[in-house]
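Engineer: Got query_26.cif for you, mmCIF, C-alpha atoms and all ligand atoms:
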```
data_final
loop_
_atom_site.label_atom_id
_atom_site.label_comp_id
_atom_site.auth_asym_id
_atom_site.auth_seq_id
_atom_site.Cartn_x
_atom_site.Cartn_y
_atom_site.Cartn_z
CA LEU H 159 6.73 29.45 7.73
CA ASP H 160 3.34 28.30 8.90
CA PHE H 161 1.73 26.23 6.16
CA SER H 162 -1.28 25.10 8.19
CA HIS H 163 -3.22 27.43 5.91
CA CYS H 164 -1.77 27.83 2.44
CA LEU H 165 -2.38 27.74 -1.29
CA LEU H 166 -0.52 25.63 -3.81
CA ARG H 167 -0.76 26.49 -7.48
CA GLY H 168 0.02 23.79 -10.05
CA ALA H 169 -1.56 21.13 -12.23
CA LEU H 170 -3.96 18.93 -10.24
CA LEU H 171 -4.98 15.34 -11.00
CA SER H 172 -7.34 13.21 -8.94
CA PHE H 173 -9.70 10.28 -9.58
CA ASP H 174 -13.34 10.16 -8.53
CA GLN H 175 -14.14 6.74 -9.97
CA ASP H 176 -12.48 3.68 -11.43
CA PRO H 177 -11.46 4.76 -14.96
CA GLY H 178 -11.89 1.21 -16.32
CA ASP H 179 -9.40 -0.68 -18.48
CA ALA H 180 -10.01 0.97 -21.83
CA ASP H 181 -7.43 3.32 -23.32
CA THR H 182 -9.87 6.18 -22.75
CA PRO H 183 -10.86 6.66 -19.11
CA ALA H 184 -14.54 6.36 -18.14
CA THR H 185 -16.38 9.70 -18.26
CA ASP H 186 -16.13 11.75 -15.09
CA SER H 187 -13.70 9.24 -13.57
CA TYR H 188 -11.03 11.88 -13.01
CA ARG H 189 -10.56 15.63 -12.65
CA TYR H 190 -7.61 17.50 -14.07
CA HIS H 191 -6.89 21.20 -13.70
CA GLU H 192 -3.96 22.26 -15.79
CA ASP H 193 -3.66 25.54 -13.90
CA GLY H 194 -5.16 24.56 -10.59
CA VAL H 195 -5.04 25.64 -6.99
CA LEU H 196 -5.20 23.56 -3.83
CA TRP H 197 -6.28 25.35 -0.66
CA LEU H 198 -5.19 23.74 2.62
CA ALA H 199 -6.53 24.46 6.07
CA ASN H 200 -5.71 22.61 9.28
CA GLY H 201 -4.40 19.45 7.67
CA ARG H 202 -7.27 19.11 5.23
CA ILE H 203 -8.16 20.20 1.76
CA ARG H 204 -10.49 23.13 2.04
CA GLU H 205 -11.10 23.79 -1.64
CA LEU H 206 -9.57 23.17 -5.05
CA GLY H 207 -10.20 23.97 -8.69
CA ASP H 208 -9.13 26.07 -11.63
CA TYR H 209 -6.94 28.91 -10.46
CA GLN H 210 -8.66 31.57 -12.52
CA ALA H 211 -12.14 30.50 -11.43
CA LEU H 212 -11.25 30.34 -7.74
CA ALA H 213 -8.97 33.38 -7.62
CA PRO H 214 -11.61 35.87 -6.43
CA ARG H 215 -12.43 33.71 -3.41
CA LEU H 216 -8.87 32.91 -2.33
CA PRO H 217 -7.55 34.54 0.84
CA GLU H 218 -4.78 37.10 0.37
CA ASP H 219 -3.15 36.67 3.74
CA ILE H 220 -1.90 33.09 3.63
CA PRO H 221 1.27 31.69 2.02
CA ARG H 222 1.12 30.89 -1.69
CA ILE H 223 3.41 28.27 -3.15
CA ASP H 224 3.96 28.43 -6.88
CA HIS H 225 4.26 24.93 -8.35
CA ARG H 226 3.24 25.80 -11.89
CA GLY H 227 4.73 23.23 -14.27
CA LYS H 228 4.54 20.54 -11.60
CA LEU H 229 1.77 17.96 -11.10
CA ILE H 230 -0.05 17.54 -7.78
CA MET H 231 -1.62 14.13 -7.09
CA PRO H 232 -2.91 12.33 -4.00
CA GLY H 233 -0.21 10.54 -1.99
CA PHE H 234 0.52 6.99 -3.10
CA ILE H 235 -0.76 4.11 -0.99
CA ASP H 236 1.04 0.77 -0.53
CA SER H 237 -1.42 -1.94 0.52
CA HIS H 238 1.19 -4.52 1.55
CA VAL H 239 4.76 -4.01 2.76
CA HIS H 240 7.05 -5.39 5.49
CA TYR H 241 8.96 -2.63 7.26
CA VAL H 242 11.08 -5.21 9.08
CA GLN H 243 12.43 -6.47 5.75
CA LEU H 244 13.73 -3.10 4.59
CA GLU H 245 17.36 -3.97 5.16
CA MET H 246 17.26 -7.41 3.52
CA ILE H 247 15.73 -6.18 0.28
CA ALA H 248 17.55 -7.67 -2.73
CA SER H 249 18.59 -11.02 -1.24
CA TYR H 250 19.77 -13.38 -3.96
CA GLY H 251 18.58 -16.55 -5.54
CA ARG H 252 15.67 -18.09 -3.61
CA GLN H 253 11.95 -18.63 -4.05
CA LEU H 254 9.43 -18.04 -1.31
CA ILE H 255 9.91 -20.78 1.30
CA ASP H 256 13.71 -20.89 1.07
CA TRP H 257 13.83 -17.11 0.94
CA LEU H 258 11.81 -16.98 4.19
CA ASN H 259 14.04 -19.51 5.94
CA ASP H 260 17.39 -18.34 4.64
CA TYR H 261 16.98 -14.58 4.71
CA THR H 262 13.69 -13.32 6.13
CA PHE H 263 13.34 -15.12 9.43
CA PRO H 264 16.95 -14.40 10.50
CA GLU H 265 16.39 -10.74 9.60
CA GLU H 266 13.18 -10.53 11.61
CA CYS H 267 14.99 -12.01 14.64
CA ARG H 268 16.90 -8.73 14.88
CA PHE H 269 13.67 -7.02 15.99
CA ALA H 270 14.00 -8.59 19.42
CA GLN H 271 16.12 -5.49 20.07
CA ARG H 272 14.17 -2.32 20.61
CA GLU H 273 16.87 0.01 19.31
CA HIS H 274 16.91 -1.91 16.07
CA ALA H 275 13.12 -1.64 15.69
CA ASP H 276 13.21 2.09 16.45
CA ARG H 277 15.96 2.73 13.94
CA VAL H 278 14.43 0.72 11.09
CA ALA H 279 10.94 2.17 11.67
CA GLU H 280 12.37 5.68 11.28
CA ALA H 281 14.41 4.74 8.23
CA PHE H 282 11.44 3.02 6.61
CA LEU H 283 9.09 5.98 7.03
CA ASP H 284 11.73 8.41 5.76
CA GLU H 285 12.12 6.21 2.72
CA LEU H 286 8.35 5.92 2.16
CA LEU H 287 7.97 9.69 2.17
CA ARG H 288 10.93 10.05 -0.15
CA VAL H 289 9.19 7.84 -2.74
CA GLY H 290 5.80 9.52 -2.28
CA THR H 291 3.98 6.89 -0.23
CA THR H 292 1.88 8.55 2.46
CA THR H 293 -0.13 5.51 3.65
CA ALA H 294 0.78 1.83 3.86
CA GLN H 295 -0.52 -1.39 5.36
CA VAL H 296 2.51 -2.78 7.11
CA PHE H 297 3.72 -6.11 8.47
CA CYS H 298 5.84 -5.71 11.60
CA SER H 299 7.65 -8.72 13.15
CA SER H 300 6.25 -11.09 15.75
CA HIS H 301 7.77 -8.96 18.52
CA PRO H 302 5.08 -6.67 19.95
CA TYR H 303 7.59 -3.87 20.38
CA SER H 304 8.20 -3.82 16.61
CA VAL H 305 4.63 -2.50 16.34
CA ASP H 306 5.08 0.08 19.09
CA ALA H 307 8.21 1.33 17.36
CA PHE H 308 6.42 1.61 14.03
CA PHE H 309 3.32 3.37 15.34
CA GLN H 310 5.38 5.78 17.45
CA ALA H 311 7.36 6.81 14.41
CA ALA H 312 4.22 7.10 12.25
CA ARG H 313 2.38 9.12 14.89
CA ARG H 314 5.24 11.57 15.21
CA ARG H 315 4.95 12.21 11.48
CA GLU H 316 1.12 12.42 11.63
CA LEU H 317 0.82 9.68 9.00
CA ARG H 318 -2.19 7.53 8.24
CA MET H 319 -0.84 4.00 8.63
CA LEU H 320 -2.12 0.47 9.21
CA ALA H 321 0.12 -2.12 10.85
CA GLY H 322 0.12 -5.23 13.00
CA LYS H 323 2.18 -7.79 14.86
CA VAL H 324 2.90 -10.98 12.94
CA LEU H 325 1.08 -13.98 14.41
CA MET H 326 3.14 -17.12 13.93
CA ASP H 327 2.97 -20.08 16.32
CA ARG H 328 4.57 -22.83 14.20
CA ASN H 329 6.94 -23.60 11.32
CA ALA H 330 9.29 -20.75 12.16
CA PRO H 331 12.40 -20.39 14.35
CA GLU H 332 11.74 -20.55 18.05
CA GLU H 333 12.80 -16.92 18.57
CA LEU H 334 10.04 -15.77 16.23
CA ARG H 335 7.21 -18.08 17.27
CA ASP H 336 4.56 -16.70 19.57
CA ASP H 337 2.22 -18.56 21.84
CA THR H 338 -1.08 -19.51 20.17
CA LEU H 339 -3.22 -17.32 22.40
CA GLY H 340 -0.40 -15.15 23.77
CA GLY H 341 0.04 -13.76 20.28
CA LEU H 342 -3.59 -12.65 20.31
CA GLU H 343 -3.28 -11.17 23.80
CA ASP H 344 -0.32 -9.13 22.59
CA SER H 345 -2.35 -8.06 19.57
CA GLU H 346 -5.22 -6.94 21.80
CA ARG H 347 -2.85 -4.88 23.92
CA LEU H 348 -1.52 -3.23 20.75
CA ILE H 349 -5.08 -2.61 19.52
CA ALA H 350 -5.94 -0.92 22.81
CA ASP H 351 -2.82 1.26 22.61
CA TRP H 352 -2.86 2.20 18.94
CA HIS H 353 -6.02 1.39 16.96
CA GLY H 354 -7.93 4.57 16.13
CA LYS H 355 -5.32 6.80 17.79
CA ASP H 356 -4.67 9.81 15.60
CA ARG H 357 -4.33 8.42 12.08
CA LEU H 358 -3.35 4.86 13.01
CA GLY H 359 -5.25 1.63 12.53
CA TYR H 360 -4.55 -1.94 13.55
CA SER H 361 -4.37 -4.76 11.06
CA LEU H 362 -4.43 -8.29 12.50
CA THR H 363 -1.52 -10.09 10.90
CA PRO H 364 -1.41 -13.88 10.78
CA ARG H 365 1.67 -14.31 8.56
CA PHE H 366 0.07 -17.02 6.37
CA ALA H 367 -1.63 -20.36 6.86
CA PRO H 368 1.56 -22.46 7.19
CA THR H 369 2.87 -20.53 10.19
CA SER H 370 -0.29 -20.50 12.31
CA THR H 371 -2.17 -23.38 13.87
CA ARG H 372 -5.90 -23.61 13.29
CA ALA H 373 -6.38 -22.52 16.91
CA GLN H 374 -4.43 -19.32 16.29
CA LEU H 375 -6.29 -18.52 13.06
CA ASP H 376 -9.61 -19.08 14.85
CA ALA H 377 -8.56 -16.78 17.68
CA ALA H 378 -7.58 -14.07 15.17
CA GLY H 379 -10.97 -14.47 13.47
CA ALA H 380 -12.75 -14.06 16.79
CA VAL H 381 -10.94 -10.78 17.53
CA LEU H 382 -11.64 -9.54 14.00
CA ARG H 383 -15.36 -10.32 14.14
CA ASN H 384 -15.67 -8.69 17.55
CA ASP H 385 -14.59 -5.30 16.19
CA ARG H 386 -15.51 -4.48 12.60
CA SER H 387 -13.20 -1.48 12.55
CA LEU H 388 -10.10 -3.69 12.57
CA TRP H 389 -8.19 -4.68 9.42
CA LEU H 390 -6.65 -8.03 8.51
CA GLN H 391 -3.59 -8.74 6.36
CA THR H 392 -2.03 -12.03 5.35
CA HIS H 393 -0.61 -13.88 2.34
CA LEU H 394 -2.49 -16.16 -0.06
CA ALA H 395 -1.46 -18.44 -2.94
CA GLU H 396 1.79 -16.72 -3.81
CA ASN H 397 3.92 -19.73 -4.77
CA THR H 398 3.07 -23.24 -5.99
CA GLY H 399 5.21 -24.93 -3.31
CA GLU H 400 3.39 -22.91 -0.67
CA VAL H 401 -0.01 -23.94 -2.08
CA GLU H 402 0.96 -27.63 -1.90
CA TRP H 403 2.22 -27.23 1.65
CA VAL H 404 -1.05 -25.62 2.75
CA ALA H 405 -3.00 -28.54 1.24
CA GLU H 406 -0.89 -30.94 3.36
CA LEU H 407 -1.22 -28.89 6.54
CA PHE H 408 -4.99 -28.34 6.20
CA PRO H 409 -6.36 -31.49 4.50
CA GLU H 410 -9.86 -30.68 5.76
CA SER H 411 -10.01 -27.38 3.84
CA ARG H 412 -11.45 -27.29 0.30
CA ASP H 413 -8.59 -25.04 -0.88
CA TYR H 414 -6.14 -22.42 0.40
CA LEU H 415 -8.77 -19.69 0.74
CA GLY H 416 -10.99 -22.17 2.59
CA VAL H 417 -8.43 -22.23 5.42
CA TYR H 418 -8.99 -18.52 6.02
CA GLU H 419 -12.76 -18.70 5.47
CA GLN H 420 -13.11 -21.40 8.10
CA SER H 421 -11.53 -19.07 10.65
CA ASN H 422 -13.69 -16.06 9.63
CA LEU H 423 -10.76 -14.07 8.34
CA VAL H 424 -12.29 -13.00 5.01
CA GLY H 425 -14.14 -9.69 5.07
CA PRO H 426 -14.30 -6.17 3.63
CA ARG H 427 -11.19 -5.03 5.49
CA SER H 428 -9.10 -8.09 4.64
CA THR H 429 -6.09 -7.85 2.31
CA PHE H 430 -4.66 -11.04 0.83
CA ALA H 431 -1.22 -10.48 -0.62
CA HIS H 432 -0.43 -12.05 -4.02
CA GLY H 433 -3.36 -14.33 -4.93
CA ILE H 434 -1.52 -15.60 -7.98
CA HIS H 435 -2.49 -19.26 -7.85
CA LEU H 436 -6.25 -18.91 -7.42
CA ASP H 437 -9.10 -20.31 -9.46
CA GLN H 438 -12.16 -18.30 -10.46
CA ASN H 439 -14.23 -19.81 -7.68
CA MET H 440 -11.81 -18.51 -5.04
CA ARG H 441 -11.71 -15.08 -6.69
CA LYS H 442 -15.50 -14.91 -6.58
CA ARG H 443 -15.60 -15.95 -2.94
CA LEU H 444 -13.10 -13.20 -2.09
CA ALA H 445 -15.14 -10.69 -4.07
CA GLU H 446 -18.40 -11.66 -2.37
CA ARG H 447 -16.86 -10.95 1.02
CA GLY H 448 -15.54 -7.57 -0.14
CA ALA H 449 -11.89 -8.55 0.42
CA ASN H 450 -9.02 -7.37 -1.78
CA VAL H 451 -5.95 -9.04 -3.24
CA ALA H 452 -2.72 -7.07 -3.16
CA PHE H 453 -0.93 -7.30 -6.50
CA CYS H 454 2.79 -7.14 -5.71
CA PRO H 455 4.41 -7.32 -9.15
CA SER H 456 8.03 -6.52 -8.29
CA SER H 457 7.94 -9.17 -5.59
CA ASN H 458 6.25 -11.73 -7.83
CA LEU H 459 8.96 -11.27 -10.45
CA PHE H 460 11.83 -11.15 -7.94
CA LEU H 461 10.77 -14.31 -6.10
CA GLY H 462 9.73 -16.03 -9.32
CA SER H 463 6.23 -16.54 -7.90
CA GLY H 464 4.22 -16.12 -11.10
CA LEU H 465 2.25 -13.64 -13.18
CA PHE H 466 -0.81 -12.18 -11.46
CA ASP H 467 -3.97 -12.48 -13.57
CA ARG H 468 -5.44 -9.00 -13.27
CA GLN H 469 -8.13 -9.63 -15.86
CA ALA H 470 -9.47 -12.69 -14.06
CA SER H 471 -9.77 -10.68 -10.85
CA ARG H 472 -11.55 -7.88 -12.67
CA GLU H 473 -13.98 -10.38 -14.20
CA ALA H 474 -14.70 -11.79 -10.75
CA LYS H 475 -15.26 -8.19 -9.52
CA LEU H 476 -12.49 -8.78 -7.00
CA ALA H 477 -10.85 -5.58 -5.76
CA ILE H 478 -7.16 -5.35 -6.63
CA SER H 479 -4.81 -3.23 -4.58
CA TYR H 480 -1.23 -2.39 -5.55
CA ALA H 481 1.71 -3.06 -3.29
CA SER H 482 5.49 -3.19 -3.10
CA ASP H 483 5.83 -6.17 -0.71
CA VAL H 484 9.35 -5.02 0.20
CA GLY H 485 11.59 -7.00 1.09
CA GLY H 486 10.20 -9.55 -1.41
CA GLY H 487 9.60 -6.57 -3.66
CA THR H 488 12.60 -4.75 -5.04
CA ASP H 489 11.46 -1.14 -4.73
CA LEU H 490 9.27 0.89 -2.37
CA SER H 491 8.29 3.34 -5.09
CA GLY H 492 4.74 3.25 -6.42
CA PHE H 493 6.18 4.09 -9.85
CA ALA H 494 8.28 0.91 -9.71
CA THR H 495 5.22 -1.09 -8.68
CA LEU H 496 3.24 0.24 -11.64
CA LYS H 497 6.09 -0.34 -14.05
CA ALA H 498 6.38 -3.97 -12.95
CA ALA H 499 2.58 -4.34 -13.08
CA TYR H 500 2.64 -3.11 -16.65
CA GLN H 501 5.37 -5.59 -17.53
CA VAL H 502 3.45 -8.48 -15.96
CA GLY H 503 0.37 -7.31 -17.87
CA GLN H 504 2.26 -7.34 -21.16
CA LEU H 505 3.27 -10.97 -20.60
CA ARG H 506 -0.42 -11.82 -20.10
CA ASP H 507 -1.78 -9.63 -22.87
CA GLN H 508 -3.51 -7.45 -20.24
CA SER H 509 -1.96 -4.02 -20.67
CA LEU H 510 -2.31 -1.75 -17.64
CA THR H 511 -3.26 1.79 -18.62
CA ALA H 512 -1.69 4.67 -16.75
CA TRP H 513 -5.24 5.75 -15.81
CA GLN H 514 -5.85 2.44 -14.10
CA GLY H 515 -2.36 2.45 -12.59
CA PHE H 516 -2.52 5.87 -10.96
CA TYR H 517 -6.14 5.32 -9.94
CA GLY H 518 -4.96 2.08 -8.32
CA LEU H 519 -2.15 3.70 -6.33
CA THR H 520 -4.47 6.41 -5.00
CA LEU H 521 -8.25 6.08 -4.83
CA GLY H 522 -8.26 2.37 -5.76
CA ASN H 523 -6.00 1.46 -2.86
CA ALA H 524 -7.89 3.82 -0.53
CA ARG H 525 -11.14 2.06 -1.44
CA ALA H 526 -9.64 -1.41 -1.09
CA LEU H 527 -8.53 -0.46 2.43
CA SER H 528 -11.82 1.33 3.31
CA LEU H 529 -9.93 4.60 3.77
CA ASP H 530 -11.53 6.45 0.86
CA ASP H 531 -13.58 8.71 3.13
CA ARG H 532 -10.27 10.28 4.25
CA ILE H 533 -7.54 9.79 1.68
CA GLY H 534 -6.95 8.89 -1.95
CA ARG H 535 -8.54 11.94 -3.61
CA LEU H 536 -8.03 15.66 -3.84
CA ALA H 537 -11.42 16.87 -2.66
CA PRO H 538 -12.80 19.28 -0.05
CA GLY H 539 -12.70 17.77 3.43
CA MET H 540 -10.17 15.08 2.55
CA GLU H 541 -6.97 14.82 4.56
CA ALA H 542 -4.15 16.71 2.86
CA ASP H 543 -1.85 13.85 1.83
CA PHE H 544 -0.47 14.65 -1.60
CA LEU H 545 2.57 14.77 -3.86
CA VAL H 546 4.16 17.43 -5.97
CA LEU H 547 5.71 15.72 -9.01
CA ASP H 548 8.56 17.23 -10.97
CA LEU H 549 7.84 16.46 -14.61
CA ALA H 550 11.34 17.60 -15.55
CA ALA H 551 13.07 15.52 -12.90
CA THR H 552 15.55 14.11 -15.41
CA PRO H 553 16.54 15.32 -18.88
CA LEU H 554 15.06 12.20 -20.45
CA LEU H 555 11.75 12.51 -18.60
CA GLU H 556 11.49 16.16 -19.58
CA GLN H 557 12.31 15.40 -23.21
CA ARG H 558 9.91 12.45 -23.41
CA LEU H 559 7.02 14.32 -21.80
CA ALA H 560 7.55 17.26 -24.15
CA ARG H 561 6.59 14.96 -27.04
CA CYS H 562 3.32 13.79 -25.44
CA GLN H 563 0.14 14.95 -27.14
CA SER H 564 -2.35 14.10 -24.42
CA LEU H 565 -2.67 13.64 -20.68
CA GLY H 566 -3.00 9.87 -21.19
CA GLU H 567 0.32 9.73 -23.01
CA THR H 568 1.98 11.92 -20.41
CA LEU H 569 0.78 9.75 -17.55
CA PHE H 570 1.94 6.60 -19.29
CA ALA H 571 5.44 7.95 -19.89
CA LEU H 572 5.51 9.10 -16.27
CA MET H 573 4.44 5.63 -15.10
CA MET H 574 7.31 4.04 -17.05
CA LEU H 575 10.05 6.61 -16.45
CA GLY H 576 9.10 8.04 -13.07
CA ASP H 577 11.00 7.23 -9.89
CA ASP H 578 11.89 8.89 -6.60
CA ARG H 579 13.56 11.76 -8.46
CA ALA H 580 10.12 12.84 -9.69
CA ILE H 581 8.84 13.12 -6.10
CA TYR H 582 9.58 16.78 -5.58
CA GLU H 583 7.57 17.16 -2.36
CA THR H 584 5.52 14.85 -0.17
CA TRP H 585 2.84 16.34 2.06
CA ALA H 586 0.98 14.47 4.78
CA ASN H 587 -1.68 15.82 7.11
CA GLY H 588 -1.20 19.22 5.51
CA ARG H 589 2.51 19.34 6.34
CA ARG H 590 5.36 19.20 3.90
CA GLN H 591 7.33 16.20 5.10
CA HIS H 592 9.76 15.66 2.26
CA HIS H 593 11.46 18.00 -0.14
CA ARG H 594 13.71 16.38 -2.74
CA ASP H 595 16.33 19.07 -2.79
CA ARG H 596 16.65 19.64 0.96
N1 LIG H 601 4.54 -15.40 2.83
C1 LIG H 601 4.70 -15.53 4.16
N2 LIG H 601 5.53 -14.60 4.65
C2 LIG H 601 5.91 -13.86 3.60
C3 LIG H 601 6.78 -12.72 3.48
O1 LIG H 601 7.35 -12.22 4.43
N3 LIG H 601 6.91 -12.22 2.23
C4 LIG H 601 6.27 -12.74 1.15
N4 LIG H 601 6.45 -12.20 -0.05
N5 LIG H 601 5.47 -13.80 1.24
C5 LIG H 601 5.29 -14.36 2.46
ZN ZN H 602 4.39 -9.95 1.98
#
```
Just give me the structure of the file as structure tokens.
Structural biologist:
Amino acid sequence: LDFSHCLLRGALLSFDQDPGDADTPATDSYRYHEDGVLWLANGRIRELGDYQALAPRLPEDIPRIDHRGKLIMPGFIDSHVHYVQLEMIASYGRQLIDWLNDYTFPEECRFAQREHADRVAEAFLDELLRVGTTTAQVFCSSHPYSVDAFFQAARRRELRMLAGKVLMDRNAPEELRDDTLGGLEDSERLIADWHGKDRLGYSLTPRFAPTSTRAQLDAAGAVLRNDRSLWLQTHLAENTGEVEWVAELFPESRDYLGVYEQSNLVGPRSTFAHGIHLDQNMRKRLAERGANVAFCPSSNLFLGSGLFDRQASREAKLAISYASDVGGGTDLSGFATLKAAYQVGQLRDQSLTAWQGFYGLTLGNARALSLDDRIGRLAPGMEADFLVLDLAATPLLEQRLARCQSLGETLFALMMLGDDRAIYETWANGRRQHHRDR
């Protein structure tokens, strides 16, 4: 069947604005059509709304898919994840620096082999689509081919993806270290080959301050400032041992963030993963530059890194994105990320509403990554990346949702109980790319 033009009937939910942190979402922050219709044409959303209201204008001669009883939402976005760590997820008993040395670096060495990179890139994207993630910002390894493998696989699936080659010229095994400037030359070759091609974008990827020399960070900053359409991803203040190490390695910097500021790495397309051990001054500096911090709750709990202070970031007007950080994180699913974020919030007396959670996974993450002109909402002209959720995916989910009296309650129960079984279909670029039962 040709679904390049088609109609899907079902409940529709999409955010237009940040709903805020109150139990009741801000007025006009979302649209919900209980009996809605989504009209797709050529990979984009052509029109949507209440089925009855739109019915007279809907074409008769294109396929109609009946998803009544199911909920259609924008595809989930993961602002920080390592595809090369997929197969070492759930590695026991270490915190950050030991975890990197004992498990992560040896795993990333395997990406010297092209067949390995090709195989894991395919497996990772299959898994993302299975859990309803249609866009991610992705760390590859330091091997340039690991990026080629990833982008090839993403392009074949017509996915909107950001990725980059890890820059790392010190404090890592020899097999993984690049040359200070050679790493940037490789990045520039990858930018020329992939950035802006189809739905792909390049994110410069210095791993974190300890594994790059000042010269390499400066060189990355120069490339970034030379082309404002590029993204940047790195790690910041995840673990207290890491923070102390950075202070020793960069005694001239005022604090951890200062290391990145001095190399011009902080801007509106910069994502800093974790940002747990920050003070309010650093949060404000990040906010002023329009950067975002990626909250990676399942990783922060798994690696024992700490409890992210969401409220402090909100007060500083610092954009928060939501991320799995697999293989530090324990689950690729956006539901799992929200569940862990809620649990972290409870321990800090900062409860995460389901409104804020689902906004965060969709439009919030799209905004943080400057992709909100294309994805993150169900709206005319937007790229057709969306999910069909099965609200009766398990007997318990069905039973629990039947007791809900409001959409807010329903979304909260879904946020707590939902998992990959609720992802009935995943569509990207107007094509159905995953069907749970096939
Ligand atoms: N800091 C530097 N590298 C990494 C990594 O691969 N994962 C996490 N969670 N933190 C890091
Ligand atoms: Zn990470």
Engineer: Using all atoms listed in the file, determine which residues lie at most 9 Å from Ala270 (chain H), disregarding the query and same-chain residues fewer than 2 positions distant; provide the list as a list of chain:residue names.
Structural biologist: H:Glu266, H:Cys267, H:Arg268, H:Arg272, H:His274, H:Ala275, H:Ser299, H:Ser300, H:His301, H:Tyr303, H:Ser304, H:Glu333, H:Leu334
Engineer: Mind listing the residues within 7 Å of ligand ZN 602 (chain H), all atoms listed in the file counted, as a PyMOL selection string?
Structural biologist: chain H and resi 238-240+393+431+483+486
Engineer: Val484 (chain H): which residues within 10 Å, counting only C-alpha atoms, same-chain residues fewer than 3 positions away excluded, as a VMD selection string?
Structural biologist: chain H and resid 238 to 248 296 454 456 to 457 481 487 to 491
Engineer: Given only C-alpha atoms and all ligand atoms as the basis, pick out the residue of H:Arg222, H:His432, H:Lys497, H:Arg590 nearest to ligand LIG 601 (chain H).
Structural biologist: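 Of H:Arg222, H:His432, H:Lys497, H:Arg590, the one nearest ligand LIG 601 (chain H) is H:His432, counting only C-alpha atoms and all ligand atoms.
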Engineer: For Gln438 (chain H), work out the shell of residues within 10 Å, counting only C-alpha atoms and skipping chain neighbours fewer than 5 positions away, then give it as a short mmCIF file (atom, residue, chain, number, x, y, z; two decimals) with C-alpha atoms, in the frame of the given file.
Structural biologist:
```cif
data_model
loop_
_atom_site.label_atom_id
_atom_site.label_comp_id
_atom_site.auth_asym_id
_atom_site.auth_seq_id
_atom_site.Cartn_x
_atom_site.Cartn_y
_atom_site.Cartn_z
CA ARG H 443 -15.60 -15.95 -2.94
CA LEU H 444 -13.10 -13.20 -2.09
CA ALA H 470 -9.47 -12.69 -14.06
CA SER H 471 -9.77 -10.68 -10.85
CA GLU H 473 -13.98 -10.38 -14.20
CA ALA H 474 -14.70 -11.79 -10.75
#
```
Engineer: Skipping near chain neighbours, those fewer than 3 positions away, what residues fall within 7 Å of Ala279 (chain H) using all atoms listed in the file, listed as a PyMOL selection string?
Structural biologist: chain H and resi 241+275-276+282-283+307-308+311
Engineer: Would you list the contacts of His593 (chain H) as a VMD selection string, taking every protein, DNA or RNA residue within 7 Å and counting all atoms listed in the file, but skipping same-chain residues closer than 6 positions in sequence?
Structural biologist: chain H and resid 582 to 584
Engineer: Could you give me the centre and size, in Å to one decimal, of an axis-aligned box around all listed atoms of ligand LIG 601 (chain H) with 4 Å added on every side, as JSON?
Structural biologist:
```
{"center_x": 5.9, "center_y": -13.9, "center_z": 2.3, "size_x": 10.8, "size_y": 11.3, "size_z": 12.7}
```
Engineer: Do you have the CA of Leu287 (chain H)-CA of Ser479 (chain H) distance handy?
Structural biologist: 19.4 Å
Engineer: Distance CA of Arg315 (chain H)-CA of Asn587 (chain H), one decimal place?
Structural biologist: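 CA of Asn587 (chain H) lies 8.7 Å from CA of Arg315 (chain H).
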Engineer: Would you save region 444-453 of chain H to a file, keeping N, CA and C atoms, as an mmCIF file, in the first residue's frame?
Structural biologist:
```cif
data_model
loop_
_atom_site.group_PDB
_atom_site.id
_atom_site.type_symbol
_atom_site.label_atom_id
_atom_site.label_comp_id
_atom_site.auth_asym_id
_atom_site.auth_seq_id
_atom_site.Cartn_x
_atom_site.Cartn_y
_atom_site.Cartn_z
ATOM 1 N N LEU H 444 24.926 29.314 31.139
ATOM 2 C CA LEU H 444 24.434 28.413 30.076
ATOM 3 C C LEU H 444 23.158 28.975 29.453
ATOM 4 N N ALA H 445 22.263 29.456 30.305
ATOM 5 C CA ALA H 445 20.985 29.983 29.820
ATOM 6 C C ALA H 445 21.208 31.201 28.934
ATOM 7 N N GLU H 446 22.105 32.086 29.334
ATOM 8 C CA GLU H 446 22.349 33.307 28.546
ATOM 9 C C GLU H 446 22.843 32.980 27.146
ATOM 10 N N ARG H 447 23.584 31.899 27.020
ATOM 11 C CA ARG H 447 24.094 31.513 25.697
ATOM 12 C C ARG H 447 23.091 30.682 24.905
ATOM 13 N N GLY H 448 21.946 30.359 25.523
ATOM 14 C CA GLY H 448 20.930 29.583 24.803
ATOM 15 C C GLY H 448 21.243 28.100 24.703
ATOM 16 N N ALA H 449 22.180 27.620 25.534
ATOM 17 C CA ALA H 449 22.523 26.186 25.519
ATOM 18 C C ALA H 449 21.474 25.390 26.286
ATOM 19 N N ASN H 450 21.529 24.074 26.188
ATOM 20 C CA ASN H 450 20.639 23.231 26.991
ATOM 21 C C ASN H 450 21.436 22.184 27.746
ATOM 22 N N VAL H 451 20.890 21.773 28.898
ATOM 23 C CA VAL H 451 21.448 20.628 29.621
ATOM 24 C C VAL H 451 20.543 19.435 29.377
ATOM 25 N N ALA H 452 21.162 18.299 29.096
ATOM 26 C CA ALA H 452 20.403 17.062 28.885
ATOM 27 C C ALA H 452 20.292 16.339 30.221
ATOM 28 N N PHE H 453 19.067 16.226 30.688
ATOM 29 C CA PHE H 453 18.760 15.502 31.931
ATOM 30 C C PHE H 453 18.661 14.020 31.553
#
```
